[in-house]
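Colleague: So here's run.cif (mmCIF, C-alpha atoms).
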data_run
#
loop_
_atom_site.label_atom_id
_atom_site.label_comp_id
_atom_site.auth_asym_id
_atom_site.auth_seq_id
_atom_site.Cartn_x
_atom_site.Cartn_y
_atom_site.Cartn_z
CA MET A 11 132.38 122.03 -12.21
CA LYS A 12 131.32 119.51 -14.75
CA SER A 13 130.33 117.85 -15.88
CA ARG A 14 130.41 119.16 -15.58
CA ASN A 15 130.26 118.81 -17.08
CA LEU A 16 132.95 119.29 -15.10
CA ALA A 17 135.90 117.00 -14.89
CA ILE A 18 139.52 117.06 -13.77
CA PHE A 19 141.39 117.79 -16.55
CA LEU A 20 143.81 116.82 -19.25
CA ILE A 21 146.61 118.78 -20.87
CA SER A 22 145.84 121.32 -23.53
CA SER A 23 146.75 120.70 -27.13
CA GLY A 24 149.58 123.21 -26.93
CA LEU A 25 148.27 125.18 -29.89
CA VAL A 26 149.85 128.63 -29.94
CA LEU A 27 147.20 131.32 -30.08
CA THR A 28 147.98 134.35 -32.19
CA ALA A 29 146.31 137.74 -32.18
CA THR A 30 143.51 136.03 -34.06
CA ALA A 31 142.78 133.88 -31.03
CA CYS A 32 142.49 136.89 -28.81
CA GLY A 33 140.15 138.82 -31.06
CA GLY A 34 141.15 142.18 -32.49
CA ASP A 35 140.41 144.30 -35.53
CA SER A 36 143.37 142.83 -37.41
CA ASP A 37 141.22 139.86 -38.37
CA ALA A 38 138.93 141.84 -40.62
CA GLY A 39 140.35 141.87 -44.14
CA ALA A 40 139.84 144.39 -46.89
CA LYS A 41 136.91 142.36 -48.26
CA GLY A 42 135.23 142.11 -44.87
CA ASP A 43 136.54 138.61 -44.15
CA VAL A 44 136.85 137.72 -40.49
CA THR A 45 138.59 134.90 -38.64
CA ILE A 46 137.53 133.67 -35.23
CA THR A 47 138.99 131.04 -32.96
CA VAL A 48 136.62 128.76 -31.10
CA ALA A 49 137.22 126.48 -28.12
CA CYS A 50 136.29 122.87 -27.42
CA GLN A 51 136.97 120.97 -30.62
CA PRO A 52 136.78 117.26 -29.70
CA ALA A 53 140.09 115.52 -29.15
CA LYS A 54 141.86 113.40 -31.77
CA THR A 55 141.14 110.39 -29.56
CA ALA A 56 137.44 110.83 -30.46
CA PRO A 57 137.77 110.81 -34.26
CA GLN A 58 134.06 110.58 -35.11
CA GLN A 59 133.11 113.44 -32.82
CA ARG A 60 136.03 115.47 -34.12
CA LYS A 61 134.96 114.83 -37.72
CA ALA A 62 131.41 115.88 -36.84
CA TRP A 63 132.76 119.12 -35.38
CA ASP A 64 134.96 119.76 -38.43
CA ASP A 65 131.98 119.07 -40.70
CA ASP A 66 129.99 121.62 -38.70
CA VAL A 67 132.75 124.18 -39.16
CA LYS A 68 132.60 123.66 -42.92
CA ALA A 69 128.80 123.92 -42.94
CA PHE A 70 128.93 127.07 -40.84
CA GLU A 71 131.55 128.70 -43.06
CA LYS A 72 129.47 127.85 -46.12
CA ALA A 73 126.40 129.45 -44.54
CA HIS A 74 128.42 132.50 -43.49
CA PRO A 75 130.62 133.54 -46.42
CA GLY A 76 133.65 135.53 -45.35
CA VAL A 77 133.89 133.89 -41.92
CA LYS A 78 136.80 131.57 -41.14
CA VAL A 79 136.70 129.37 -38.04
CA LYS A 80 139.84 128.03 -36.37
CA SER A 81 139.35 125.45 -33.61
CA THR A 82 141.41 124.63 -30.56
CA ASP A 83 141.19 121.07 -29.30
CA GLN A 84 142.04 121.30 -25.62
CA GLN A 85 139.96 118.57 -23.99
CA PRO A 86 138.32 118.89 -21.62
CA CYS A 87 138.15 122.50 -22.66
CA PHE A 88 138.17 123.91 -19.13
CA ASP A 89 141.27 123.42 -17.02
CA PRO A 90 141.08 125.24 -13.65
CA LYS A 91 144.88 125.26 -13.46
CA THR A 92 145.27 127.35 -16.60
CA PHE A 93 141.94 129.10 -17.14
CA ALA A 94 142.56 132.24 -15.07
CA ALA A 95 146.10 132.70 -16.38
CA LYS A 96 144.92 132.31 -19.96
CA LEU A 97 142.24 134.92 -19.43
CA ALA A 98 144.52 137.35 -17.63
CA GLY A 99 147.15 136.96 -20.33
CA GLY A 100 144.70 137.72 -23.13
CA GLN A 101 145.24 134.30 -24.68
CA MET A 102 141.66 133.08 -24.72
CA GLU A 103 139.89 132.21 -27.97
CA THR A 104 137.41 134.57 -29.59
CA VAL A 105 134.69 132.18 -28.39
CA TYR A 106 135.54 130.35 -25.19
CA MET A 107 133.75 128.25 -22.60
CA ALA A 108 133.44 129.24 -18.95
CA PRO A 109 131.93 127.04 -16.24
CA VAL A 110 129.31 128.47 -13.90
CA THR A 111 131.91 128.48 -11.11
CA ASN A 112 133.79 131.21 -12.95
CA TYR A 113 130.95 133.37 -14.30
CA ALA A 114 131.05 135.97 -11.56
CA ASP A 115 134.81 136.33 -11.60
CA VAL A 116 134.96 136.61 -15.38
CA MET A 117 132.22 139.25 -15.49
CA THR A 118 133.62 141.26 -12.56
CA LYS A 119 137.08 141.40 -14.14
CA GLY A 120 135.77 142.46 -17.55
CA GLN A 121 137.09 139.32 -19.24
CA ALA A 122 133.96 138.68 -21.30
CA LYS A 123 132.34 141.01 -23.78
CA ASP A 124 129.00 142.68 -23.12
CA ILE A 125 126.70 141.07 -25.70
CA THR A 126 123.43 142.57 -24.49
CA ALA A 127 122.74 144.34 -27.77
CA SER A 128 123.59 141.29 -29.87
CA THR A 129 121.75 138.37 -28.28
CA ASP A 130 119.29 138.36 -31.18
CA LEU A 131 122.07 136.67 -33.16
CA VAL A 132 121.38 133.61 -31.00
CA LYS A 133 117.89 132.89 -32.31
CA ASN A 134 116.70 130.82 -29.33
CA PHE A 135 118.31 132.94 -26.64
CA GLY A 136 114.92 133.92 -25.28
CA ASN A 137 114.05 130.25 -24.76
CA ILE A 138 116.93 129.72 -22.36
CA ARG A 139 115.57 129.47 -18.82
CA GLN A 140 115.49 132.86 -17.12
CA ASP A 141 117.31 131.62 -14.01
CA VAL A 142 120.08 130.27 -16.25
CA ARG A 143 120.31 133.55 -18.18
CA ASP A 144 120.46 135.43 -14.90
CA MET A 145 123.70 133.63 -14.10
CA VAL A 146 125.48 135.35 -17.02
CA THR A 147 123.90 138.75 -16.30
CA LYS A 148 125.53 141.46 -14.21
CA ASP A 149 124.13 144.95 -13.63
CA GLY A 150 121.58 144.36 -16.37
CA LYS A 151 124.20 143.40 -18.97
CA ILE A 152 124.58 139.97 -20.56
CA TYR A 153 128.02 138.42 -20.90
CA GLY A 154 127.47 134.88 -22.15
CA VAL A 155 125.23 132.32 -23.82
CA PRO A 156 124.51 129.37 -21.52
CA ASN A 157 124.44 125.98 -23.19
CA VAL A 158 124.58 123.59 -20.24
CA SER A 159 122.65 123.55 -16.98
CA TYR A 160 122.25 120.57 -14.69
CA SER A 161 121.48 119.42 -11.19
CA VAL A 162 123.01 116.50 -9.33
CA GLY A 163 121.38 113.13 -8.79
CA LEU A 164 122.32 109.64 -7.64
CA VAL A 165 123.79 107.51 -10.41
CA TYR A 166 123.53 103.80 -9.62
CA ASN A 167 124.27 100.41 -11.12
CA ARG A 168 120.98 98.60 -11.68
CA GLU A 169 122.66 95.23 -12.17
CA LEU A 170 124.44 95.43 -8.82
CA PHE A 171 121.17 96.41 -7.16
CA GLU A 172 119.59 93.24 -8.46
CA GLN A 173 122.57 91.11 -7.42
CA ALA A 174 122.38 92.57 -3.92
CA GLY A 175 118.63 91.92 -3.62
CA LEU A 176 117.72 95.60 -4.05
CA ASP A 177 114.95 96.91 -6.31
CA PRO A 178 116.54 98.91 -9.16
CA ASN A 179 113.18 100.59 -9.75
CA SER A 180 113.13 101.90 -6.17
CA PRO A 181 116.53 103.53 -5.57
CA PRO A 182 117.44 105.12 -2.20
CA LYS A 183 115.65 108.33 -1.27
CA THR A 184 117.55 109.19 1.93
CA TRP A 185 121.17 109.00 3.04
CA ASP A 186 120.25 106.27 5.51
CA GLU A 187 118.87 104.27 2.61
CA VAL A 188 122.02 104.95 0.59
CA ARG A 189 124.11 103.63 3.46
CA ALA A 190 121.97 100.50 3.81
CA ALA A 191 122.07 99.81 0.07
CA ALA A 192 125.83 100.38 -0.05
CA LYS A 193 126.34 97.82 2.69
CA LYS A 194 124.36 95.18 0.80
CA ILE A 195 126.33 95.82 -2.39
CA SER A 196 129.70 95.69 -0.61
CA ASP A 197 128.64 92.39 0.98
CA LEU A 198 128.70 90.83 -2.50
CA GLY A 199 132.47 90.41 -2.07
CA ASP A 200 135.80 92.11 -1.53
CA ALA A 201 135.87 93.52 -5.07
CA TYR A 202 132.63 95.46 -4.60
CA VAL A 203 132.17 99.05 -3.42
CA GLY A 204 128.71 100.11 -2.38
CA TYR A 205 129.13 103.86 -2.69
CA GLY A 206 131.99 105.69 -4.40
CA GLU A 207 133.33 109.00 -3.15
CA TYR A 208 136.29 111.31 -3.71
CA GLY A 209 138.88 112.53 -1.23
CA GLY A 210 141.07 114.94 -3.18
CA GLY A 211 141.82 116.85 -6.35
CA ASN A 212 139.11 119.42 -5.52
CA VAL A 213 136.47 116.82 -6.39
CA GLY A 214 136.30 115.73 -2.75
CA GLY A 215 135.23 119.22 -1.73
CA TRP A 216 132.96 119.45 -4.75
CA HIS A 217 131.07 116.33 -3.66
CA PHE A 218 130.97 117.64 -0.09
CA ALA A 219 129.06 120.65 -1.48
CA GLN A 220 126.65 118.37 -3.31
CA SER A 221 126.03 116.33 -0.17
CA ILE A 222 125.55 119.25 2.21
CA PHE A 223 123.09 120.94 -0.14
CA SER A 224 121.07 117.74 -0.39
CA ARG A 225 120.70 117.75 3.41
CA GLY A 226 119.59 121.40 3.49
CA GLY A 227 122.92 122.89 4.55
CA GLU A 228 124.91 125.74 3.05
CA MET A 229 128.48 126.23 1.94
CA ALA A 230 128.69 129.97 2.59
CA VAL A 231 126.31 132.68 3.77
CA ASP A 232 126.93 136.44 3.56
CA GLY A 233 130.53 135.92 2.57
CA LYS A 234 131.39 133.55 5.40
CA ALA A 235 131.76 129.78 5.55
CA ALA A 236 128.60 128.01 6.72
CA PHE A 237 129.52 124.35 6.29
CA ASN A 238 130.62 123.82 9.92
CA SER A 239 127.05 122.86 10.74
CA ALA A 240 124.92 119.89 11.68
CA GLU A 241 124.49 119.13 7.97
CA GLY A 242 128.21 119.38 7.31
CA LYS A 243 128.99 117.06 10.22
CA ALA A 244 126.39 114.61 8.95
CA VAL A 245 128.10 114.46 5.54
CA LEU A 246 131.43 113.53 7.10
CA GLN A 247 130.01 111.26 9.80
CA THR A 248 128.04 109.22 7.28
CA LEU A 249 131.08 108.83 5.06
CA HIS A 250 133.26 107.93 8.07
CA ASP A 251 130.79 105.28 9.23
CA MET A 252 130.42 103.82 5.76
CA ARG A 253 134.21 103.46 5.63
CA TRP A 254 134.98 102.20 9.13
CA LYS A 255 131.79 100.50 10.28
CA ASP A 256 130.29 99.20 7.03
CA ASP A 257 133.38 98.90 4.82
CA SER A 258 131.15 99.95 1.93
CA VAL A 259 133.11 102.81 0.31
CA GLY A 260 136.31 100.98 -0.52
CA LYS A 261 139.76 101.32 0.97
CA LYS A 262 141.34 103.47 -1.74
CA VAL A 263 140.99 107.25 -1.61
CA LEU A 264 139.97 108.49 -5.05
CA ILE A 265 141.57 111.74 -6.18
CA GLY A 266 140.89 112.59 -9.83
CA TRP A 267 137.53 112.71 -11.58
CA GLU A 268 138.53 109.77 -13.76
CA ALA A 269 139.19 107.45 -10.81
CA LEU A 270 135.59 107.04 -9.70
CA MET A 271 134.32 107.00 -13.27
CA GLN A 272 136.65 104.12 -14.09
CA GLN A 273 135.53 102.32 -10.95
CA MET A 274 131.84 102.75 -11.84
CA ALA A 275 132.39 101.66 -15.44
CA ALA A 276 134.12 98.49 -14.26
CA GLY A 277 130.78 97.36 -12.81
CA LYS A 278 131.96 96.90 -9.24
CA THR A 279 130.67 100.14 -7.67
CA GLY A 280 127.02 100.60 -6.84
CA MET A 281 126.36 104.33 -6.47
CA MET A 282 127.84 107.80 -6.79
CA LEU A 283 126.66 111.38 -6.90
CA GLY A 284 126.70 112.94 -10.33
CA ALA A 285 124.86 114.85 -12.99
CA PRO A 286 123.19 112.79 -15.72
CA ASP A 287 126.12 113.31 -18.07
CA VAL A 288 128.02 110.94 -15.79
CA VAL A 289 126.09 108.16 -17.52
CA THR A 290 127.08 109.53 -20.93
CA ASP A 291 130.74 109.46 -19.92
CA LEU A 292 130.49 106.04 -18.30
CA VAL A 293 129.13 104.55 -21.51
CA GLN A 294 130.94 106.64 -24.10
CA LYS A 295 134.36 107.30 -22.57
CA PHE A 296 134.79 104.48 -20.09
CA GLN A 297 132.98 101.64 -21.92
CA GLY A 298 130.36 100.94 -19.27
CA GLY A 299 127.27 98.93 -20.20
CA LYS A 300 124.49 100.85 -21.96
CA ASP A 301 121.72 99.23 -19.92
CA GLN A 302 123.59 99.25 -16.63
CA TYR A 303 122.83 102.61 -15.05
CA GLY A 304 119.90 104.43 -13.54
CA ILE A 305 119.63 108.00 -12.25
CA ALA A 306 117.66 108.87 -9.13
CA PRO A 307 117.01 112.21 -7.42
CA ILE A 308 119.71 113.32 -5.02
CA PRO A 309 119.15 111.75 -1.56
CA GLU A 310 117.01 113.83 0.83
CA GLY A 311 116.38 116.26 -2.03
CA LYS A 312 116.43 119.45 0.05
CA ALA A 313 118.48 121.11 -2.71
CA SER A 314 120.93 120.25 -5.44
CA LEU A 315 124.13 121.83 -6.61
CA THR A 316 123.65 123.22 -10.09
CA GLY A 317 126.39 123.41 -12.63
CA GLY A 318 126.74 124.37 -16.20
CA GLU A 319 128.68 126.32 -18.74
CA ALA A 320 128.31 129.23 -21.10
CA TYR A 321 130.15 130.41 -24.15
CA MET A 322 131.55 133.91 -23.89
CA ILE A 323 133.16 136.33 -26.29
CA ASN A 324 136.68 137.64 -25.79
CA PRO A 325 136.43 141.33 -24.81
CA LYS A 326 139.08 142.17 -27.44
CA ALA A 327 136.85 140.86 -30.24
CA SER A 328 135.93 143.35 -32.94
CA GLU A 329 132.32 143.97 -33.91
CA ALA A 330 132.68 141.60 -36.87
CA GLU A 331 134.28 138.90 -34.73
CA THR A 332 131.61 139.27 -32.08
CA LYS A 333 128.88 138.82 -34.67
CA ALA A 334 130.57 135.76 -36.18
CA GLY A 335 131.23 134.32 -32.73
CA LEU A 336 127.60 134.59 -31.65
CA GLN A 337 126.44 133.11 -34.93
CA TRP A 338 128.77 130.15 -34.29
CA ILE A 339 127.37 129.72 -30.78
CA ASP A 340 123.85 129.80 -32.21
CA PHE A 341 124.66 127.24 -34.91
CA GLN A 342 126.75 124.80 -32.90
CA PHE A 343 125.15 124.83 -29.45
CA ASN A 344 121.63 126.20 -29.57
CA THR A 345 119.83 124.95 -32.68
CA PRO A 346 117.71 121.76 -32.49
CA GLY A 347 118.91 119.16 -34.98
CA LYS A 348 122.25 120.85 -35.65
CA GLY A 349 125.68 120.85 -34.08
CA ARG A 350 125.59 119.47 -30.58
CA HIS A 351 121.87 118.78 -30.89
CA ASP A 352 122.18 116.65 -34.04
CA TYR A 353 121.16 113.50 -32.19
CA ALA A 354 120.55 111.51 -35.35
CA ARG A 355 124.20 111.99 -36.28
CA GLY A 356 125.23 111.25 -32.72
CA LYS A 357 123.35 107.98 -32.81
CA ALA A 358 124.97 107.05 -36.12
CA ASN A 359 128.37 107.83 -34.61
CA GLY A 360 127.75 105.48 -31.70
CA GLU A 361 127.26 108.19 -29.09
CA ALA A 362 125.33 107.50 -25.90
CA VAL A 363 122.22 109.46 -26.88
CA GLY A 364 119.30 109.51 -24.47
CA VAL A 365 120.53 110.84 -21.15
CA PRO A 366 118.58 113.92 -19.90
CA ASN A 367 121.84 115.71 -19.25
CA ASN A 368 120.87 119.28 -19.89
CA ASP A 369 117.88 121.40 -18.95
CA TYR A 370 119.06 124.87 -19.96
CA MET A 371 116.10 125.41 -22.30
CA GLY A 372 113.55 124.10 -19.78
CA ASP A 373 110.06 123.45 -21.13
CA SER A 374 110.27 126.20 -23.73
CA PRO A 375 109.43 125.31 -27.34
CA THR A 376 113.12 124.86 -28.07
CA GLY A 377 113.59 122.76 -24.94
CA LYS A 378 110.71 120.48 -25.91
CA GLU A 379 112.03 120.12 -29.45
CA ILE A 380 115.51 119.22 -28.20
CA ALA A 381 114.10 116.68 -25.73
CA ALA A 382 111.92 115.09 -28.43
CA LEU A 383 114.87 114.75 -30.81
CA ARG A 384 117.02 113.24 -28.07
CA GLU A 385 114.39 110.66 -27.13
CA LYS A 386 113.63 109.85 -30.77
CA ASN A 387 117.28 108.96 -31.36
CA ALA A 388 117.98 107.45 -27.95
CA VAL A 389 120.21 104.40 -27.76
CA LEU A 390 120.04 104.33 -23.95
CA PRO A 391 117.03 103.28 -21.83
CA VAL A 392 115.43 106.67 -21.10
CA GLU A 393 112.97 105.08 -18.65
CA TYR A 394 115.86 104.37 -16.28
CA TYR A 395 116.35 108.13 -15.85
CA GLN A 396 112.72 109.15 -15.41
CA PRO A 397 112.80 109.32 -11.57
CA TYR A 398 115.51 111.97 -11.82
CA VAL A 399 113.65 113.91 -14.52
CA GLU A 400 110.39 113.99 -12.56
CA ALA A 401 112.01 115.01 -9.28
CA ALA A 402 114.40 117.61 -10.71
CA GLU A 403 111.58 120.05 -11.39
CA ASN A 404 110.83 120.35 -7.67
CA ILE A 405 114.33 120.36 -6.16
CA GLU A 406 115.84 123.74 -5.36
CA ILE A 407 119.05 124.40 -7.24
CA LYS A 408 122.00 126.16 -5.67
CA LEU A 409 124.96 127.81 -7.31
CA GLU A 410 128.49 126.90 -6.38
CA PRO A 411 129.87 129.25 -3.73
CA ALA A 412 132.23 132.12 -4.39
CA LYS A 413 135.86 130.98 -4.61
CA ALA A 414 134.45 127.50 -5.20
CA GLN A 415 137.65 125.81 -6.37
CA GLU A 416 139.61 127.17 -3.42
CA LEU A 417 136.92 126.06 -0.98
CA TYR A 418 136.81 122.63 -2.56
CA ALA A 419 140.56 122.27 -2.05
CA VAL A 420 140.10 123.14 1.62
CA LEU A 421 137.31 120.60 2.04
CA ASP A 422 139.35 117.88 0.36
CA VAL A 423 141.18 117.63 3.69
CA PRO A 424 138.25 116.53 5.90
CA MET A 425 136.86 114.36 3.10
CA SER A 426 140.18 112.54 2.80
CA ALA A 427 140.63 112.37 6.56
CA VAL A 428 137.40 110.50 7.29
CA LEU A 429 138.27 108.01 4.54
CA THR A 430 141.80 107.36 5.79
CA ARG A 431 141.68 107.78 9.60
CA LYS A 432 139.34 105.85 11.83
CA ASP A 433 140.02 108.34 14.64
CA ALA A 434 139.39 111.43 12.49
CA ASP A 435 138.09 114.32 14.61
CA ILE A 436 135.23 115.66 12.52
CA ASP A 437 134.60 118.71 14.69
CA LYS A 438 138.24 119.80 14.47
CA LEU A 439 138.44 119.06 10.77
CA LEU A 440 135.43 121.26 10.07
CA ALA A 441 136.64 124.02 12.38
CA ASP A 442 140.04 124.11 10.68
CA ALA A 443 138.42 124.10 7.24
CA GLU A 444 136.07 126.89 8.32
CA ALA A 445 138.97 129.11 9.41
CA LYS A 446 140.82 128.55 6.12
CA ALA A 447 137.67 129.13 4.09
CA ASN A 448 136.92 132.41 5.86
CA THR A 449 140.41 133.64 5.06
CA ILE A 450 139.83 132.81 1.40
CA LEU A 451 136.37 134.40 1.32
CA ALA A 452 137.65 137.58 3.00
CA LYS A 453 139.99 138.26 0.10
CA SER A 454 138.62 140.44 -2.67
#
Please render this file's structure as structure tokens.
Modeller:
Amino acid sequence: MKSRNLAIFLISSGLVLTATACGGDSDAGAKGDVTITVACQPAKTAPQQRKAWDDDVKAFEKAHPGVKVKSTDQQPCFDPKTFAAKLAGGQMETVYMAPVTNYADVMTKGQAKDITASTDLVKNFGNIRQDVRDMVTKDGKIYGVPNVSYSVGLVYNRELFEQAGLDPNSPPKTWDEVRAAAKKISDLGDAYVGYGEYGGGNVGGWHFAQSIFSRGGEMAVDGKAAFNSAEGKAVLQTLHDMRWKDDSVGKKVLIGWEALMQQMAAGKTGMMLGAPDVVTDLVQKFQGGKDQYGIAPIPEGKASLTGGEAYMINPKASEAETKAGLQWIDFQFNTPGKGRHDYARGKANGEAVGVPNNDYMGDSPTGKEIAALREKNAVLPVEYYQPYVEAAENIEIKLEPAKAQELYAVLDVPMSAVLTRKDADIDKLLADAEAKANTILAKS
């Protein structure tokens, strides 16, 4: 879930999708013209980014005569409440985005087109990291073009570290150090929260997964829940103690993705788990200070949850639509200096350029070119993120578990409980969650 990336989620634009949106041979006219619909146009509330997108559509259409692109502006463009129904109902765009959580389900159900024979239309496809490509591959067939891949780190407020007598250039490396730092920050006054965490809206369970992986635990093994473990208990016990012994996590249970982001942007919260794009959102969407945040490796660093997204082609798309759709993906999401990677334009538009928020190309020639362009046009202090960058190469990444969203909902309960009940029984909470999770995982 994103960033991923992966946010809890606003209402769609309400645009009615016709047969064009679903793909289909009816789009190809007598002169060979083809119309495709594409997801993820920026919202009207981000007029400069929307204009940049619309300009890209015009440039793409000019470079590909006979192709017409229609955009849908649902933002964020993945809503877990409607995604499955939209897919099952055949209402997805010709080119749509799927988060890594849903790759397996989409491929298993035949809801994305096999593009194995057409990946050459995405010129830098071979530069995408092999482990990232493997995520959209099933039985030797390729079903998507990844364009985001990330691991989780510790996002922290450097200014609050300094105010609390902590060294912002030496952020916490262990959960004990996180707890100690959080206590010092919360001691600045009643308005301060040392460490921010979620307790509902599926993001509580999502952060539980991040935390247990960092300690070396597992969410599920061989189709059965594995989080009722020493590592899982440690996640909840630490959070419980930070709430009831240290008073360092605040008294309000945060539910939606926006809640903690707003709290961090207000400059009163010291730390949170998150991918680097958290900093982008803090600065760009929530008006946080550009020089305020650092990113450190995830505490303990045994492993990190990975997330990401890929663009997929509607299985109903005709051959012409498939070709046009892949050419759009290539142009908009995978070409250095163009589309999403036009960092010079992003800088001119006031975007928070500079965060190392995507490693899907790795150290390939394309990856190095993208990184160089991003740093050249950076408006954020890239040196504040270097500890994360250096450590990320050596931290094992783990995929979200099967039925991730359902498991996250189950784990919201113990996460919320330890934040709201001093007498919360952690063993019972985990045992109950384990039983519910096994029922979910047992279903096909």
Colleague: Report as a ChimeraX atom specification the residues that result from applying the PyMOL selection byres ((chain A and resi 181-197) around 10) to the structure here.
Modeller: /A:164-166,168,170-180,198-206,221,224-225,244-245,248-249,251-252,255-260,278-282,304-311,397
Colleague: CA of Asp141 in chain A and CA of Asp369 in chain A are how many Å apart?
Modeller: 11.4 Å
Colleague: Give me, as a short mmCIF file (atom, residue, chain, number, x, y, z; two decimals) with C-alpha atoms, keeping the file's coordinate frame, all polymer residues having an atom no more than 7 Å from range 441-454 of chain A, counting all atoms listed in the file and skipping those fewer than 3 positions away in the same chain.
Modeller:
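The result, written out as selection28.cif:
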data_model
loop_
_atom_site.label_atom_id
_atom_site.label_comp_id
_atom_site.auth_asym_id
_atom_site.auth_seq_id
_atom_site.Cartn_x
_atom_site.Cartn_y
_atom_site.Cartn_z
CA GLY A 233 130.53 135.92 2.57
CA LYS A 234 131.39 133.55 5.40
CA ALA A 235 131.76 129.78 5.55
CA ASN A 238 130.62 123.82 9.92
CA LYS A 413 135.86 130.98 -4.61
CA LEU A 417 136.92 126.06 -0.98
CA VAL A 420 140.10 123.14 1.62
CA LEU A 421 137.31 120.60 2.04
CA ASP A 437 134.60 118.71 14.69
CA LYS A 438 138.24 119.80 14.47
#
Colleague: Pick out the closest residue to Ile138 in chain A from this set: A:Val155, A:His250, A:Pro52, A:Arg350. Count only C-alpha atoms.
Modeller: A:Val155
Colleague: Please expand the PyMOL selection byres ((chain A and resi 383) around 8) into the concrete residues it hits in this file, giving the result as an NGL selection string.
Modeller: :A and (346-347 or 353-354 or 379-382 or 384-387)
Colleague: Carefully work through the PyMOL selection byres ((chain A and resi 94) around 12) for this structure and note down the residues it includes, as a list in words.
Modeller: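 So the PyMOL selection byres ((chain A and resi 94) around 12), applied here, picks out Phe88, Asp89, Pro90, Lys91, Thr92, Phe93, Ala95, Lys96, Leu97, Ala98, Gly99, Gly100, Gln101, Met102, Ala108, Pro109, Thr111, Asn112, Tyr113, Asp115, Val116, Lys119, Gln121 and Gln415 of chain A.
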Colleague: Which is closest to Glu400 in chain A among A:Glu169, A:Arg431, A:Pro366, A:Ser128, if we use all atoms listed in the file?
Modeller: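 Looking at the shortest contact to Glu400 in chain A, the residue is A:Pro366.
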Colleague: Take CA of Gly356 in chain A and CA of Ala62 in chain A and report the distance between them in Å, one decimal.
Modeller: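 Interatomic distance here is 8.8 Å.
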Colleague: Any chance you could build range 281-291 of chain A out to N, CA, C and O atoms and write it as a CSV table (one decimal), in the frame of the given file?
Modeller:
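This went into selection_13.csv:
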chain,number,residue,atom,x,y,z
A,281,MET,N,127.0,103.0,-6.4
A,281,MET,CA,126.4,104.3,-6.5
A,281,MET,C,127.4,105.4,-6.4
A,281,MET,O,128.5,105.2,-5.9
A,282,MET,N,127.0,106.6,-6.9
A,282,MET,CA,127.8,107.8,-6.8
A,282,MET,C,126.9,109.0,-7.1
A,282,MET,O,125.9,108.9,-7.7
A,283,LEU,N,127.3,110.1,-6.5
A,283,LEU,CA,126.7,111.4,-6.9
A,283,LEU,C,127.2,111.8,-8.3
A,283,LEU,O,128.3,111.7,-8.6
A,284,GLY,N,126.3,112.4,-9.0
A,284,GLY,CA,126.7,112.9,-10.3
A,284,GLY,C,125.5,113.5,-11.1
A,284,GLY,O,124.4,113.1,-10.9
A,285,ALA,N,125.9,114.4,-12.0
A,285,ALA,CA,124.9,114.8,-13.0
A,285,ALA,C,124.6,113.8,-14.0
A,285,ALA,O,125.4,112.8,-14.1
A,286,PRO,N,123.5,113.8,-14.8
A,286,PRO,CA,123.2,112.8,-15.7
A,286,PRO,C,124.3,112.5,-16.7
A,286,PRO,O,124.4,111.4,-17.3
A,287,ASP,N,125.1,113.5,-17.1
A,287,ASP,CA,126.1,113.3,-18.1
A,287,ASP,C,127.2,112.3,-17.6
A,287,ASP,O,128.0,111.9,-18.4
A,288,VAL,N,127.2,112.0,-16.3
A,288,VAL,CA,128.0,110.9,-15.8
A,288,VAL,C,127.7,109.7,-16.6
A,288,VAL,O,128.6,108.9,-16.9
A,289,VAL,N,126.4,109.4,-16.8
A,289,VAL,CA,126.1,108.2,-17.5
A,289,VAL,C,126.6,108.2,-19.0
A,289,VAL,O,127.2,107.2,-19.5
A,290,THR,N,126.5,109.4,-19.6
A,290,THR,CA,127.1,109.5,-20.9
A,290,THR,C,128.6,109.2,-20.9
A,290,THR,O,129.0,108.4,-21.8
A,291,ASP,N,129.3,109.7,-20.0
A,291,ASP,CA,130.7,109.5,-19.9
A,291,ASP,C,131.0,108.0,-19.6
A,291,ASP,O,132.0,107.4,-20.1
